[in-house]
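So this block is query35.tsv, TSV, C-alpha atoms:
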chain	number	residue	atom	x	y	z
A	1	MET	CA	74.90	45.37	73.12
A	2	ALA	CA	75.68	47.74	70.30
A	3	ILE	CA	78.91	48.81	68.66
A	4	GLY	CA	79.99	52.20	70.00
A	5	TYR	CA	81.55	54.95	67.90
A	6	SER	CA	85.03	53.71	68.80
A	7	GLY	CA	84.36	50.17	67.61
A	8	PHE	CA	84.02	48.62	71.08
A	9	MET	CA	80.94	46.71	72.12
A	10	SER	CA	78.83	49.21	74.00
A	11	VAL	CA	77.38	48.05	77.32
A	12	PRO	CA	74.69	49.85	79.33
A	13	ILE	CA	75.91	52.61	81.61
A	14	ARG	CA	74.55	52.16	85.13
A	15	PRO	CA	74.06	55.10	87.51
A	16	ALA	CA	76.25	54.91	90.62
A	17	ALA	CA	77.47	57.05	93.50
A	18	THR	CA	80.35	57.09	95.95
A	19	LEU	CA	81.17	59.12	99.02
A	20	LEU	CA	84.53	60.41	100.19
A	21	LEU	CA	84.28	60.24	103.97
A	22	LEU	CA	86.76	62.71	105.46
A	23	ARG	CA	88.01	63.52	108.94
A	24	ASP	CA	90.68	65.83	110.31
A	25	GLY	CA	93.64	63.83	111.58
A	26	PRO	CA	96.68	64.98	113.55
A	27	GLU	CA	98.65	65.59	110.33
A	28	GLY	CA	95.84	66.78	108.07
A	29	PRO	CA	92.73	65.37	106.42
A	30	GLU	CA	92.21	61.63	106.27
A	31	VAL	CA	89.90	59.70	103.97
A	32	TRP	CA	88.22	56.34	104.61
A	33	LEU	CA	89.17	53.63	102.11
A	34	MET	CA	87.99	50.05	102.06
A	35	GLU	CA	89.49	47.04	100.34
A	36	ARG	CA	86.93	45.29	98.17
A	37	SER	CA	86.51	41.56	98.48
A	38	ARG	CA	88.27	39.40	95.93
A	39	GLY	CA	84.89	37.76	95.29
A	40	VAL	CA	83.04	40.81	93.96
A	41	ALA	CA	82.54	41.25	90.23
A	42	PHE	CA	83.81	44.83	89.90
A	43	MET	CA	87.09	46.24	91.26
A	44	ALA	CA	87.94	43.10	93.25
A	45	ALA	CA	90.76	43.66	95.81
A	46	ALA	CA	90.98	47.39	95.01
A	47	TRP	CA	90.92	50.04	97.74
A	48	VAL	CA	87.97	52.33	97.09
A	49	PHE	CA	85.61	54.83	98.69
A	50	PRO	CA	82.24	53.41	99.79
A	51	GLY	CA	79.81	53.41	96.89
A	52	GLY	CA	77.72	51.46	94.43
A	53	ARG	CA	74.84	51.41	91.99
A	54	VAL	CA	71.74	53.56	92.23
A	55	ASP	CA	68.74	51.28	92.78
A	56	ALA	CA	64.95	51.73	92.77
A	57	GLU	CA	64.96	52.48	96.51
A	58	ASP	CA	67.40	55.34	95.87
A	59	GLU	CA	65.22	56.71	93.08
A	60	ALA	CA	62.27	56.89	95.48
A	61	ALA	CA	64.31	58.28	98.40
A	62	GLY	CA	66.06	60.78	96.18
A	63	ALA	CA	62.90	62.37	94.85
A	64	SER	CA	62.88	64.88	97.72
A	65	LEU	CA	66.63	65.51	97.73
A	66	GLY	CA	66.79	67.86	94.75
A	67	GLU	CA	69.41	67.80	92.03
A	68	LEU	CA	71.11	64.39	91.75
A	69	GLY	CA	68.76	63.16	94.50
A	70	ALA	CA	68.90	59.45	93.57
A	71	PHE	CA	72.71	59.64	93.40
A	72	ARG	CA	72.83	61.34	96.83
A	73	ALA	CA	70.50	58.71	98.29
A	74	ALA	CA	72.67	55.92	96.84
A	75	ALA	CA	75.86	57.46	98.25
A	76	LEU	CA	74.32	57.67	101.72
A	77	ARG	CA	72.87	54.15	101.56
A	78	GLU	CA	76.17	52.66	100.39
A	79	LEU	CA	78.05	54.54	103.12
A	80	ALA	CA	75.69	53.08	105.73
A	81	GLU	CA	75.95	49.56	104.27
A	82	GLU	CA	79.70	49.49	103.68
A	83	ALA	CA	81.10	51.70	106.47
A	84	ASP	CA	78.32	51.73	109.07
A	85	ILE	CA	78.14	55.54	108.93
A	86	LEU	CA	74.75	57.25	109.00
A	87	ILE	CA	74.41	60.72	107.56
A	88	ASP	CA	71.00	62.38	107.59
A	89	PRO	CA	69.61	62.73	104.03
A	90	SER	CA	69.02	66.45	104.61
A	91	HIS	CA	72.76	66.92	105.37
A	92	PRO	CA	74.32	68.68	102.39
A	93	LEU	CA	76.80	66.58	100.45
A	94	THR	CA	79.53	68.28	98.48
A	95	ILE	CA	79.92	67.18	94.88
A	96	TRP	CA	83.54	66.17	94.29
A	97	ALA	CA	83.64	64.68	90.78
A	98	HIS	CA	81.74	62.93	88.03
A	99	TRP	CA	83.25	59.86	86.36
A	100	ILE	CA	81.98	57.72	83.48
A	101	THR	CA	83.64	54.35	82.92
A	102	PRO	CA	85.36	54.21	79.49
A	103	GLU	CA	83.73	52.29	76.61
A	104	ILE	CA	86.43	49.63	76.62
A	105	GLU	CA	85.24	48.28	80.00
A	106	THR	CA	82.73	45.43	80.26
A	107	ARG	CA	80.93	47.14	83.17
A	108	ARG	CA	80.21	50.83	82.84
A	109	TYR	CA	79.05	53.33	85.42
A	110	ASP	CA	78.01	56.97	85.45
A	111	THR	CA	79.27	57.80	88.94
A	112	TRP	CA	78.89	60.95	90.99
A	113	PHE	CA	81.48	61.38	93.75
A	114	PHE	CA	80.28	63.23	96.85
A	115	ALA	CA	82.27	64.28	99.91
A	116	ALA	CA	81.29	64.73	103.56
A	117	ALA	CA	82.93	65.03	106.95
A	118	LEU	CA	82.66	62.12	109.37
A	119	PRO	CA	79.74	62.87	111.70
A	120	GLU	CA	80.70	63.44	115.33
A	121	GLY	CA	80.72	60.27	117.42
A	122	GLN	CA	80.53	57.77	114.54
A	123	VAL	CA	83.14	55.10	113.80
A	124	ALA	CA	83.70	53.70	110.32
A	125	ARG	CA	83.99	49.93	109.94
A	126	VAL	CA	83.79	47.56	106.99
A	127	ASP	CA	80.80	45.33	106.34
A	128	GLY	CA	82.89	42.14	105.92
A	129	SER	CA	81.06	41.31	102.72
A	130	GLU	CA	81.87	43.74	99.90
A	131	GLY	CA	84.65	45.25	101.97
A	132	VAL	CA	87.18	43.06	103.77
A	133	ALA	CA	89.39	45.77	105.28
A	134	GLY	CA	89.14	49.49	105.90
A	135	ALA	CA	91.39	52.24	107.14
A	136	TRP	CA	91.81	56.00	107.42
A	137	PHE	CA	94.59	57.33	105.19
A	138	ARG	CA	96.12	60.70	104.65
A	139	PRO	CA	95.85	61.00	100.87
A	140	SER	CA	99.63	61.33	100.51
A	141	ASP	CA	100.18	58.14	102.55
A	142	ALA	CA	97.72	56.19	100.38
A	143	LEU	CA	99.49	57.49	97.27
A	144	ASP	CA	102.88	56.43	98.69
A	145	ARG	CA	101.53	52.93	99.38
A	146	TYR	CA	100.12	52.80	95.84
A	147	GLU	CA	103.53	53.77	94.40
A	148	GLN	CA	105.15	51.00	96.48
A	149	GLY	CA	102.65	48.45	95.12
A	150	ALA	CA	101.04	47.93	98.52
A	151	LEU	CA	97.65	49.42	97.67
A	152	ALA	CA	95.62	48.69	94.51
A	153	LEU	CA	93.71	51.80	93.44
A	154	ALA	CA	91.23	52.34	90.61
A	155	PRO	CA	91.95	55.36	88.39
A	156	PRO	CA	89.14	57.49	89.92
A	157	THR	CA	90.38	56.72	93.44
A	158	LEU	CA	93.97	57.52	92.47
A	159	ARG	CA	92.98	60.82	90.87
A	160	THR	CA	90.78	61.78	93.81
A	161	LEU	CA	93.57	61.09	96.31
A	162	GLN	CA	95.91	63.25	94.20
A	163	GLU	CA	93.34	66.05	94.30
A	164	LEU	CA	92.84	65.71	98.09
A	165	ALA	CA	96.54	65.60	98.98
A	166	PRO	CA	97.25	69.38	99.04
A	167	TYR	CA	94.49	70.28	101.51
A	168	ARG	CA	95.34	70.94	105.16
A	169	THR	CA	91.84	70.51	106.62
A	170	VAL	CA	88.56	68.83	105.76
A	171	ALA	CA	86.85	72.22	105.65
A	172	GLU	CA	89.41	73.45	103.11
A	173	ALA	CA	88.90	70.37	100.91
A	174	LEU	CA	85.10	70.62	101.04
A	175	SER	CA	85.22	74.34	100.28
A	176	ALA	CA	87.50	73.75	97.29
A	177	SER	CA	85.30	70.98	95.92
A	178	ARG	CA	82.38	73.40	95.70
A	179	ARG	CA	84.38	75.40	93.14
A	180	LYS	CA	85.91	72.62	91.00
A	181	ILE	CA	83.09	70.74	89.28
A	182	GLY	CA	83.39	70.73	85.55
A	183	ARG	CA	82.82	68.04	82.96
A	184	ALA	CA	82.82	64.34	83.64
A	185	HIS	CA	86.05	62.33	83.72
A	186	VAL	CA	85.91	59.51	81.18
Taking this structure as input, can you express it in the form of structure tokens?
Amino acid sequence: MAIGYSGFMSVPIRPAATLLLLRDGPEGPEVWLMERSRGVAFMAAAWVFPGGRVDAEDEAAGASLGELGAFRAAALRELAEEADILIDPSHPLTIWAHWITPEIETRRYDTWFFAAALPEGQVARVDGSEGVAGAWFRPSDALDRYEQGALALAPPTLRTLQELAPYRTVAEALSASRRKIGRAHV
């Protein structure tokens, strides 16, 4: 470890990816969130989108996926592992955001957030290992539960739910995300 410019011990930044799985519900878009196990090392007991580190398998699989290919491959793999949802690698994913964990943290990630609609006929479910519970939430309902102290959310999840809340359909949210990418959130 080295001392960063701010005086904190600098830890390696690991590449990671997450996927916002969206579906149209009766009252507007819903997003799949899963509660992480209390036994995991990072974000224990927090409600998050499926995601995780980019590994060597993702690097190889992502070589043919173009820009951010390894991140896309990781997002799809994590979605399959954690929510039992299979999306074809050739299916376009919409970039939603880019987050880098602040220097003060002991685990740091360079995470790309992608978004996609739930494929027809598939049902999301938690893996029972990293995730212990899962549910579809309207973003505003998840934010209300967070405000009441009933849902633990990481800052990127909180911010993403705030950004999703105004949209009336999944198509509208995905269309808007194509226009909003700027610099990384740190």
(request) For each of A:Pro89, A:Gly62, A:Gly131, A:Gly69, take the minimum atom-to-atom distance to Arg36 in chain A, counting all atoms listed in the file, then give the residue where this is smallest. (result) A:Gly131
Counting all atoms listed in the file, give me one row per residue of range 47-130 of chain A with an atom at most 8 Å from an atom of range 149-169 of chain A, showing the shortest contact pair and its distance in Å to one decimal, sorted by chain then residue number, as CSV.
residue,atom,partner,partner_atom,distance
A:Trp47,CA,A:Leu153,CA,5.4
A:Val48,CA,A:Thr157,CA,6.2
A:Phe49,CA,A:Thr157,CA,7.3
A:Trp99,CA,A:Pro156,CA,7.3
(message) Residues near Ala70 in chain A, anyone? I mean within 8 Å using all atoms listed in the file, not counting same-chain ones fewer than 2 positions away, as a PyMOL selection string.
(response) chain A and resi 54+58-63+65+68+72-74
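Ranking A:Leu143, A:Ile100, A:Ala135, A:Leu76 by their shortest atom-to-atom distance to Pro12 in chain A, with all atoms listed in the file included, puts A:Ile100 first.
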Which residues of range 47-69 of chain A have any atom within 12 Å of an atom in range 103-109 of chain A when counting only C-alpha atoms, and what is the closest pair of atoms for each, with the distance in Å to one decimal? Order the rows by chain and rising number and write it as CSV.
residue,atom,partner,partner_atom,distance
A:Gly51,CA,A:Tyr109,CA,11.5
A:Gly52,CA,A:Tyr109,CA,9.3
A:Arg53,CA,A:Tyr109,CA,8.0
A:Val54,CA,A:Tyr109,CA,10.0
